[in-house]
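Inspection log for the structure reproduced underneath, given as structure tokens.
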Protein chains: 2
Amino acid sequence: MRDWTKQRTERTARLKGAMPLATGKIVKAEQVTELLGHLIKSGDRVCLEGDNQKQADFLARCLTQVDPAAIHDLHIVQSGLVLTEHLDLFRLGIARKLDFSYSGPQSGAIARALDQGKIELGAIHTYIELFARYSVDLTPNVALIAAVSADREGNLYTGPNTEDTPTIVEATAFKSGIVIAQVNEIVDKVPRVDIPGDQIDFVVEAPEPFYVEPLFTRDPGAVTESQILMAMMALKGIYAEYQPKRLNHGIGFATAAIELLLPTFGEKLGLRGKVATHWALNPHPTLIPAIESGWVEQIHCFGSEVGMDQYMSARPDIYFIGKDGTLRSNRLLCQNAGLYASDMFIGSTLQIDLAGNSSTVTPDRIAGFGGAPNMGSDAHGRRHVSDAWLKAGREAAGHSGLLVRGRKLVVQMVETFGEGMKPAFVEELDSIALAKKLGMELAPVMIFGDDVTHIITEEGIANLLLCRNADEVEQAIRGVAGYTPVGMARDRVRVEELRARGVIRRPEDLDIEPLEASRNLLAARSIRDLVTWSGGLYVPPSKFRNW
Amino acid sequence: MRDWTKQRTERTARLKGAMPLATGKIVKAEQVTELLGHLIKSGDRVCLEGDNQKQADFLARCLTQVDPAAIHDLHIVQSGLVLTEHLDLFRLGIARKLDFSYSGPQSGAIARALDQGKIELGAIHTYIELFARYSVDLTPNVALIAAVSADREGNLYTGPNTEDTPTIVEATAFKSGIVIAQVNEIVDKVPRVDIPGDQIDFVVEAPEPFYVEPLFTRDPGAVTESQILMAMMALKGIYAEYQPKRLNHGIGFATAAIELLLPTFGEKLGLRGKVATHWALNPHPTLIPAIESGWVEQIHCFGSEVGMDQYMSARPDIYFIGKDGTLRSNRLLCQNAGLYASDMFIGSTLQIDLAGNSSTVTPDRIAGFGGAPNMGSDAHGRRHVSDAWLKAGREAAGHSGLLVRGRKLVVQMVETFGEGMKPAFVEELDSIALAKKLGMELAPVMIFGDDVTHIITEEGIANLLLCRNADEVEQAIRGVAGYTPVGMARDRVRVEELRARGVIRRPEDLDIEPLEASRNLLAARSIRDLVTWSGGLYVPPSKFRNW
């Protein structure tokens with residue numbers, strides 16, 4: 001007779017060892033490392049909640065303090081690997097294998113650790129893909145998560161930064177796993193229940209509130225005129241042409257510029273109410289002027305943003321707000337919204353090759369891609385139509401018809417020369433070299449060229465939907481690549497042919513005068529302006545205050 | 001000054017009208033219709049929980065009893081439209097617009113109601129797509145849901161059939177909507193909290209337990225030898241070749257035959273442990289012999305299945321089971337698992353055209369597609385590799401390389417002649433005529449040809465990955481279309497060329513002797529055999545018992 005309850009028996013045994021350290025579900029901060037020693041075994045799959053923003057930083061610190069002789073070869077399965085402690089687990093030999101989505105500040109450290117053989121890399125996922133694997137073949141044995149508060153039954157209040165928590169906990173708790181939550185405070189009654197207590201095994205009040213990073217705040221003061229020019233082209237050449245109502249903006253100054261131009265240049269184009277009404281979006285402060293000007297109907301958020309909570313709480317008609325009065329975010333739901341219910345994704349990248357493949361990976365920086373591969377991909381399972389989606393699909397097909405699907409607009413905005421005057425356009429992505437070095441079977445690509453519909457640079461817009469073969473794609477890309485070597489190597493005759501066909505459009509083709517691309521067009525020119533627009537409800541973090 | 005809290009004010013006003021009818025959150029069954037009169041307004045978006053299996057049938061009945069003069073033009077946004085009451089809402093003029101995913105038993109009635117102009121059709125979605133729109137532009141104003149039990153605070157226990165409930169409730173409750181739950185019983189303490197009470201406004205104990213349909217039970221006694229032959233070809237020509245470990249099986253007897261052949265023919269092929277170890281799957285009773293024979297490591301479920309609960313409860317190493325001891329299903333998570341963490345989808349269809357497009361829609365039956373468009377589509381955002389996925393992608397590309405993505409295997413199994421000897425292969429899908437009649441811009445297609453990788457009939461396997469143009473696809477399809485008019489019109493020379501290239505494979509090319517395709521190969525030949533395999537834990541519904 002096979003034993004079909006091994007996982008449950010294992011769970012019970014671990015809990016038994018840990019019980020003496022807890023009063024009910026409550027554990028003291030100073031006993032957490034010892035607790036983990038009972039609850040985690042070598043080889044376990046562990047999710048140490050590192051979201052895009054919220055971090056279970058106290059539990060991370062405790063996990064680095066376990067004895068590597070006793071606990072080793074952990075398989076870390078979590079979306080964000082952003083704290084030094086996350087890397088320490090590998091350096092100390094506690095963890096060995098890694099499946100993740102996003103690193104950001106640790107992208108250099110991950111590259112070095114891979115190089116030194118300290119990390120065995122599973123894959124770099126897009127968020128929702130990693131969550132999918134939580135249900136299938138990467139179910140965590142132990143989840144170490146973060147919440148704002150808990151009651152004594154373990155009911156959790158995650159507040160505005162709910163993010164990944166429900167998805168992590170559901171997979172772990174219902175597969176005989178163990179869930180430990182660090183909270184900022186233990187209270188008699190939580191403001192609302194985001195995670196039911198019966199899915200939580202242990203709760204610890206952490207010495208400090210969990211760490212959260214303002215990732216989506218862009219200072220309007222740093223938006224350049226080149227970015228404004230690109231934003232004007234985007235609005236006139238894409239928003240006005242396709243009229244996407246439901247969309248996502250990626251991170252970056254170029255998309256921030258679009259947000260800040262909606263109430264000015266966008267208004268002049270008569271686009272209010274016709275485009276950008278429904279969003280899957282992080283709470284970008286730069287969208288405040290557009291919201292206040294009546295452009296936006298509804299926004300669903302992946303997570304929260306430092307300083308935005310009070311503003312969002314006062315705008316429940318726009319944001320998803322709980323009965324406690326604060327935002328409810330949910331990364332899985334919002335990524336799904338971006339995949340299946342959005343007509344456009346527009347974002348930035350670091351490198352684009354001649355086929356339109358893009359990547360933010362370089363041999364010495366493995367940043368991960370977060371949500372971009374998902375948001376920036378066409379959902380082949382989509383069956384509902386919208387004008388924007390149909391128009392894009394018909395341009396790609398070259399004809400219409402009852403069997404011609406639409407396409408999601410996937411727009412990459414990039415200045416031809418990036419940081420340190422590095423060309424954004426390359427003959428071969430750096431990630432190819434990385435893949436060779438690490439023996440990967442597929443190079444880490446953020447968005448594949450076959451999903452990209454438009455590339456915008458300060459030189460113009462390349463519409464890849466209208467390209468009929470790989471050569472045309474190459475020349476369309478060269479044709480907007482400016483003075484980079486890729487741009488200089490263009491075939492001028494063919495580029496002009498593409499321009500005549502509307503595949504490439506210059507600012508003048510769109511009746512945009514580059515000299516008009518001035519900072520005066522921005523609805524807000526500083527963080528302080530954003531605060532004013534918000535009626536004082538937006539409370540920027542101190543590092544963004546210079547007054 | 002704009003009012004940013006209109007939705008909340010509206011909610012408060014409605015609740016105020018309804019309050020006198022409730023004691024706390026509890027409402028008596030006989031007062032529900034009156035309650036709905038206070039809580040629902042004309043034009044509201046309403047989700048009347050109709051999942052794939054579980055039905056809020058009592059609330060549906062109550063909603064049909066409101067006064068259409070007072071409440072009309074509702075916009076119904078729900079995944080399943082399967083009860084006669086769902087259609088009554090349109091016939092009575094209470095509802096007007098419809099966005100849904102699946103109908104099943106009401107597919108004829110929906111077609112007639114559309115014809116008569118009683119229903120204004122939004123779109124036929126795949127489940128996860130409709131859920132995505134709950135976050136963006138189809139957020140319900142009111143959700144009428146079903147659970148097993150509730151406590152007096154409104155905490156809900158959804159039990160094994162959790163299905164869509166968390167997704168519906170989250171979208172509604174956090175956007176100032178109203179949530180009403182029918183439960184089988186009100187208890188002092190629920191066995192586990194699936195939905196926190198603060199997301200629920202009202203609870204009613206329904207006169208009868210909610211309706212749930214056994215949708216995924218296939219009697220092994222009804223599996224034909226032709227289906228067994230197709231299953232043998234699938235196992236030898238696809239499972240053995242690509243070795244997909246993570247997969248989904250659609251509904252139908254052909255896939256049930258595969259499940260029943262795993263412990264016999266599959267064992268002989270040496271595939272145990274090499275294929276089909278991790279599943280995103282409804283609880284198919286026909287998988288019991290494979291589970292008991294040690295083929296399966298883990299299964300995540302969309303919903304439950306009547307009769308399977310006790311068996312699953314006793315197999316927590318395989319299924320996701322709560323601390324209360326019963327299954328936790330979740331349609332959103334499982335659909336996402338099927339999209340992003342599965343290497344293969346294999347299912348059936350009604351019609352296939354010459355480009356491989358398939359549909360279950362005919363002019364007089366609009367069945368919807370449920371999860372098939374999602375499960376049967378290639379996720380372009382996927383970034384992790386598997387051998388099966390890479391092999392499929394490289395076959396499609398005709399070469400390998402560091403920028404060659406993989407492909408999900410999407411296999412359609414179909415007998416050349418279906419019910420009533422109707423040919424499964426057609427020059428033009430019936431859904432084209434329907435689209436023309438209804439003025440749709442895109443015909444309702446279940447899976448588009450560009451996502452299909454293989455078609456299996458009793459005549460052979462067509463591998464569309466190896467086809468290099470539309471003509472080859474057409475001849476590959478004709479080449480397995482048997483004696484249907486489409487099959488008879490094949491170009492015999494080109495079909496033999498495709499066969500020589502391995503694009504088409506006949507049973508003899510796979511060393512399968514059609515005469516060996518016998519019912520003796522089935523690991524279980526009756527429902528009773530399944531009960532025996534389960535050690536008496538599977539308790540089939542009475543309509544499947546003939547002993």
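Identifiers for the structure tokens are assigned positionally: chains receive A, B, ... in sequence, residues are indexed from 1 per chain, and ligands are indexed from 1 in the order shown.
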
Report task. Using only C-alpha atoms, find which residues of chain B lie within 6 Å of chain A and jot them down as an MDAnalysis selection string. Result -> chainID B and resid 4:5 7 123 125 129 132:133 174:175 315:317 320:322 336:337 340:341 373:374 377 380:381 383:384 402:403 442:443

Report task. Check range 16-252 of chain B with DSSP on the backbone and list each residue it calls alpha helix (DSSP H), as an MDAnalysis selection string. Result -> chainID B and resid 16:18 32:39 57:64 84:91 107:115 127:136 165:173 225:234 240:242

Requested in this report: Would you list the contacts of Glu267 in chain B as a list in words, taking every protein, DNA or RNA residue within 10 Å and counting only C-alpha atoms, but skipping same-chain residues closer than 6 positions in sequence?
Outcome: Leu261, Gly273, Ala290, Ser293 and Trp295 of chain B

With all heavy atoms retained, write the just-selected residues as a PDB file, in the first residue's frame.
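That gives us again20.pdb:
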ATOM      1  N   LEU B 261      -5.434   4.212 -20.766  1.00  0.00           N
ATOM      2  CA  LEU B 261      -4.353   3.412 -21.385  1.00  0.00           C
ATOM      3  C   LEU B 261      -2.997   3.644 -20.715  1.00  0.00           C
ATOM      4  O   LEU B 261      -2.053   2.891 -20.961  1.00  0.00           O
ATOM      5  CB  LEU B 261      -4.214   3.759 -22.874  1.00  0.00           C
ATOM      6  CG  LEU B 261      -5.297   3.266 -23.824  1.00  0.00           C
ATOM      7  CD1 LEU B 261      -4.916   3.601 -25.264  1.00  0.00           C
ATOM      8  CD2 LEU B 261      -5.531   1.760 -23.679  1.00  0.00           C
ATOM      9  N   GLY B 273       6.480   7.999 -15.275  1.00  0.00           N
ATOM     10  CA  GLY B 273       7.494   8.882 -14.692  1.00  0.00           C
ATOM     11  C   GLY B 273       8.135   9.803 -15.702  1.00  0.00           C
ATOM     12  O   GLY B 273       8.783  10.785 -15.342  1.00  0.00           O
ATOM     13  N   ALA B 290      -4.443   5.514 -13.376  1.00  0.00           N
ATOM     14  CA  ALA B 290      -3.083   6.023 -13.563  1.00  0.00           C
ATOM     15  C   ALA B 290      -2.521   6.557 -12.249  1.00  0.00           C
ATOM     16  O   ALA B 290      -1.351   6.335 -11.921  1.00  0.00           O
ATOM     17  CB  ALA B 290      -3.065   7.106 -14.642  1.00  0.00           C
ATOM     18  N   SER B 293      -1.591   3.721 -10.104  1.00  0.00           N
ATOM     19  CA  SER B 293      -0.431   2.994 -10.635  1.00  0.00           C
ATOM     20  C   SER B 293       0.851   3.805 -10.536  1.00  0.00           C
ATOM     21  O   SER B 293       1.875   3.395 -11.072  1.00  0.00           O
ATOM     22  CB  SER B 293      -0.675   2.613 -12.099  1.00  0.00           C
ATOM     23  OG  SER B 293      -1.885   1.913 -12.237  1.00  0.00           O
ATOM     24  N   TRP B 295       1.564   6.951 -11.714  1.00  0.00           N
ATOM     25  CA  TRP B 295       1.963   7.813 -12.830  1.00  0.00           C
ATOM     26  C   TRP B 295       2.019   9.293 -12.450  1.00  0.00           C
ATOM     27  O   TRP B 295       2.778  10.048 -13.042  1.00  0.00           O
ATOM     28  CB  TRP B 295       0.951   7.664 -13.988  1.00  0.00           C
ATOM     29  CG  TRP B 295       1.190   6.441 -14.791  1.00  0.00           C
ATOM     30  CD1 TRP B 295       1.002   5.152 -14.393  1.00  0.00           C
ATOM     31  CD2 TRP B 295       1.698   6.384 -16.135  1.00  0.00           C
ATOM     32  NE1 TRP B 295       1.359   4.291 -15.403  1.00  0.00           N
ATOM     33  CE2 TRP B 295       1.786   5.025 -16.487  1.00  0.00           C
ATOM     34  CE3 TRP B 295       2.070   7.352 -17.069  1.00  0.00           C
ATOM     35  CZ2 TRP B 295       2.242   4.601 -17.726  1.00  0.00           C
ATOM     36  CZ3 TRP B 295       2.510   6.940 -18.304  1.00  0.00           C
ATOM     37  CH2 TRP B 295       2.612   5.573 -18.627  1.00  0.00           C
TER      38      TRP B 295
END

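You will find CA of Arg61 in chain A at 8.6 Å from CA of His86 in chain A.
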
Query raised in the report: If we count only C-alpha atoms, what is near range 510-525 of chain A at a cut-off of 12 Å, once residues fewer than 6 positions away on the same chain are taken out, given as a ChimeraX atom specification?
Result: /A:218-238,240-241,256-269,285-293,458-461,499,502,504,531-534

Query raised in the report: Got a sec to tell me which of range 231-419 of chain B DSSP assigns to strand (DSSP E), as a PyMOL selection string?
Result: chain B and resi 246-249+278-280+298-300+344-348+351-352+358-359+409-413

Export of the given selection (N, CA, C and O atoms) as a CSV table (one decimal), in the first residue's frame:
chain,number,residue,atom,x,y,z
B,246,ARG,N,4.0,18.1,-18.0
B,246,ARG,CA,2.9,18.9,-17.4
B,246,ARG,C,1.9,19.2,-18.5
B,246,ARG,O,2.2,19.7,-19.6
B,247,LEU,N,0.6,18.9,-18.2
B,247,LEU,CA,-0.4,18.9,-19.3
B,247,LEU,C,-1.8,19.1,-18.7
B,247,LEU,O,-2.0,19.0,-17.5
B,248,ASN,N,-2.7,19.3,-19.7
B,248,ASN,CA,-4.1,19.3,-19.4
B,248,ASN,C,-4.8,18.4,-20.4
B,248,ASN,O,-4.4,18.4,-21.6
B,249,HIS,N,-5.8,17.6,-20.0
B,249,HIS,CA,-6.6,16.9,-20.9
B,249,HIS,C,-8.0,17.6,-20.9
B,249,HIS,O,-8.5,17.9,-19.9
B,278,HIS,N,2.6,15.9,-14.0
B,278,HIS,CA,2.0,17.1,-13.3
B,278,HIS,C,0.8,17.6,-14.2
B,278,HIS,O,1.0,17.9,-15.3
B,279,TRP,N,-0.4,17.8,-13.5
B,279,TRP,CA,-1.5,18.1,-14.3
B,279,TRP,C,-2.2,19.4,-13.8
B,279,TRP,O,-2.3,19.7,-12.6
B,280,ALA,N,-2.8,20.1,-14.8
B,280,ALA,CA,-3.9,21.1,-14.5
B,280,ALA,C,-5.1,20.4,-15.1
B,280,ALA,O,-5.3,20.3,-16.3
B,298,GLN,N,1.3,15.3,-9.2
B,298,GLN,CA,0.5,16.4,-8.6
B,298,GLN,C,-0.6,16.9,-9.6
B,298,GLN,O,-0.4,16.9,-10.8
B,299,ILE,N,-1.8,17.2,-9.1
B,299,ILE,CA,-2.9,17.7,-9.9
B,299,ILE,C,-3.5,19.0,-9.3
B,299,ILE,O,-3.8,19.0,-8.1
B,300,HIS,N,-3.5,20.0,-10.1
B,300,HIS,CA,-4.3,21.2,-9.6
B,300,HIS,C,-5.6,21.3,-10.4
B,300,HIS,O,-5.6,21.0,-11.6
B,344,MET,N,1.5,20.7,-22.7
B,344,MET,CA,0.5,20.2,-23.7
B,344,MET,C,-0.9,20.4,-23.3
B,344,MET,O,-1.3,20.2,-22.1
B,345,PHE,N,-1.7,20.7,-24.3
B,345,PHE,CA,-3.2,20.6,-24.1
B,345,PHE,C,-3.7,19.6,-25.2
B,345,PHE,O,-3.3,19.7,-26.4
B,346,ILE,N,-4.5,18.7,-24.8
B,346,ILE,CA,-5.1,17.8,-25.8
B,346,ILE,C,-6.6,17.6,-25.5
B,346,ILE,O,-7.0,17.4,-24.4
B,347,GLY,N,-7.3,17.9,-26.6
B,347,GLY,CA,-8.8,17.9,-26.4
B,347,GLY,C,-9.5,17.6,-27.7
B,347,GLY,O,-8.9,17.3,-28.7
B,348,SER,N,-10.8,17.7,-27.6
B,348,SER,CA,-11.6,17.4,-28.8
B,348,SER,C,-12.3,18.7,-29.3
B,348,SER,O,-12.4,19.7,-28.6
B,351,GLN,N,-15.7,20.8,-35.1
B,351,GLN,CA,-15.4,21.1,-36.6
B,351,GLN,C,-14.0,21.6,-36.7
B,351,GLN,O,-13.5,22.4,-35.9
B,352,ILE,N,-13.3,21.2,-37.7
B,352,ILE,CA,-12.0,21.7,-38.1
B,352,ILE,C,-12.0,22.1,-39.5
B,352,ILE,O,-12.4,21.3,-40.4
B,358,SER,N,-10.7,25.5,-35.3
B,358,SER,CA,-11.7,24.6,-34.8
B,358,SER,C,-12.8,25.3,-34.0
B,358,SER,O,-12.5,26.4,-33.5
B,359,SER,N,-13.9,24.8,-34.0
B,359,SER,CA,-15.0,25.4,-33.3
B,359,SER,C,-16.1,24.4,-32.9
B,359,SER,O,-16.2,23.4,-33.5
B,409,LEU,N,2.4,22.2,-27.0
B,409,LEU,CA,1.8,21.2,-27.8
B,409,LEU,C,0.3,21.4,-27.7
B,409,LEU,O,-0.3,21.3,-26.6
B,410,VAL,N,-0.4,21.6,-28.8
B,410,VAL,CA,-1.9,21.7,-28.8
B,410,VAL,C,-2.5,20.7,-29.7
B,410,VAL,O,-2.3,20.9,-31.0
B,411,VAL,N,-3.0,19.7,-29.2
B,411,VAL,CA,-3.4,18.5,-30.0
B,411,VAL,C,-5.0,18.4,-30.0
B,411,VAL,O,-5.6,18.5,-28.9
B,412,GLN,N,-5.5,18.3,-31.2
B,412,GLN,CA,-6.9,18.1,-31.3
B,412,GLN,C,-7.2,16.7,-31.8
B,412,GLN,O,-6.7,16.2,-32.8
B,413,MET,N,-8.0,16.0,-31.0
B,413,MET,CA,-8.4,14.6,-31.3
B,413,MET,C,-9.8,14.6,-31.8
B,413,MET,O,-10.7,15.1,-31.1

Report task. Considering only C-alpha atoms, state which residue in the set B:Val142, B:Val204, B:Ile40, B:Leu74 is at the smallest distance from Gly177 in chain B. Result -> B:Val142

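Counting from CA of Ala397 in chain B, the distance to CA of Leu464 in chain A is 20.1 Å.
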
Query raised in the report: Which polymer residues have any atom within 7 Å of an atom of range 51-55 of chain A, counting only C-alpha atoms, with same-chain residues fewer than 5 positions away left out, as a ChimeraX atom specification?
Result: /A:79-80,146,161,163-164,210-213

Output all heavy atoms of each residue in that selection to a file, as a compact mmCIF listing (two decimals), in the first residue's frame.
# COMPACT_ATOMS: atom_id res chain seq x y z
N SER A 79 9.23 35.78 -6.76
CA SER A 79 9.23 36.68 -7.91
C SER A 79 10.39 37.68 -7.86
O SER A 79 11.04 37.91 -8.86
CB SER A 79 7.88 37.37 -8.03
OG SER A 79 7.62 38.19 -6.93
N GLY A 80 10.65 38.25 -6.68
CA GLY A 80 11.71 39.26 -6.61
C GLY A 80 12.89 38.80 -5.78
O GLY A 80 12.73 38.24 -4.69
N ALA A 146 5.00 38.54 4.11
CA ALA A 146 4.94 39.80 4.85
C ALA A 146 3.53 40.40 4.77
O ALA A 146 2.91 40.40 3.71
CB ALA A 146 5.94 40.79 4.28
N ASN A 161 -0.39 46.91 -0.16
CA ASN A 161 0.58 46.05 -0.85
C ASN A 161 0.23 44.57 -0.73
O ASN A 161 1.02 43.78 -0.21
CB ASN A 161 1.99 46.30 -0.30
CG ASN A 161 2.61 47.55 -0.90
OD1 ASN A 161 2.53 48.63 -0.32
ND2 ASN A 161 3.19 47.41 -2.09
N GLU A 163 -0.21 42.54 -3.36
CA GLU A 163 0.74 41.98 -4.33
C GLU A 163 0.63 40.47 -4.53
O GLU A 163 -0.41 39.97 -4.90
CB GLU A 163 2.17 42.37 -3.93
CG GLU A 163 2.37 43.90 -3.85
CD GLU A 163 3.82 44.28 -3.79
OE1 GLU A 163 4.53 44.01 -4.76
OE2 GLU A 163 4.24 44.86 -2.78
N ASP A 164 1.72 39.73 -4.26
CA ASP A 164 1.76 38.28 -4.55
C ASP A 164 1.17 37.42 -3.43
O ASP A 164 0.98 36.21 -3.62
CB ASP A 164 3.21 37.78 -4.72
CG ASP A 164 4.03 38.60 -5.69
OD1 ASP A 164 3.55 39.65 -6.16
OD2 ASP A 164 5.17 38.20 -5.97
N PHE A 210 7.95 46.05 7.39
CA PHE A 210 8.61 45.47 6.21
C PHE A 210 9.07 46.56 5.26
O PHE A 210 8.49 47.64 5.18
CB PHE A 210 7.71 44.45 5.50
CG PHE A 210 6.39 44.98 4.99
CD1 PHE A 210 6.34 45.82 3.88
CD2 PHE A 210 5.21 44.62 5.61
CE1 PHE A 210 5.13 46.28 3.39
CE2 PHE A 210 3.99 45.09 5.13
CZ PHE A 210 3.95 45.93 4.02
N TYR A 211 10.12 46.23 4.54
CA TYR A 211 10.71 47.18 3.59
C TYR A 211 9.85 47.26 2.33
O TYR A 211 9.36 46.25 1.84
CB TYR A 211 12.12 46.70 3.23
CG TYR A 211 12.80 47.55 2.19
CD1 TYR A 211 13.25 48.83 2.51
CD2 TYR A 211 12.96 47.09 0.89
CE1 TYR A 211 13.86 49.62 1.55
CE2 TYR A 211 13.57 47.87 -0.07
CZ TYR A 211 14.02 49.13 0.26
OH TYR A 211 14.61 49.91 -0.69
N VAL A 212 9.66 48.47 1.85
CA VAL A 212 8.94 48.63 0.59
C VAL A 212 9.60 49.77 -0.19
O VAL A 212 9.94 50.81 0.36
CB VAL A 212 7.42 48.85 0.84
CG1 VAL A 212 7.14 49.99 1.77
CG2 VAL A 212 6.67 49.01 -0.46
N GLU A 213 9.81 49.53 -1.47
CA GLU A 213 10.60 50.45 -2.29
C GLU A 213 9.66 51.23 -3.23
O GLU A 213 8.80 50.64 -3.87
CB GLU A 213 11.57 49.60 -3.14
CG GLU A 213 12.35 50.32 -4.21
CD GLU A 213 13.57 51.08 -3.67
OE1 GLU A 213 13.94 50.85 -2.50
OE2 GLU A 213 14.12 51.90 -4.42

Report task. Excluding Ala143 in chain B and any residue of its chain fewer than 4 positions from it, enumerate the residues within 8 Å of it, using only C-alpha atoms, and give them as a list in words. Result -> Val46, Cys47, Leu48, Glu49, Ile168, Val169, Thr172, Gly177, Ile178, Val179 and Ile180 of chain B

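In this structure, CA of Ala392 in chain B sits 24.5 Å away from CA of Glu428 in chain A.
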
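Minimum atom-to-atom distances from A:Leu144, A:Ala60, A:Leu98, A:Ala254 to Gly117 in chain A were compared using only C-alpha atoms, and the lowest value belongs to A:Leu98.
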
Requested in this report: Pick out the residues sitting within 12 Å of Ser542 in chain B, and hand them over as JSON, numbers by chain; count only C-alpha atoms, and ignore anything fewer than 3 positions along from it in its own chain.
Outcome: {"B": [214, 217, 306, 307, 527, 528, 539, 545, 546, 547]}
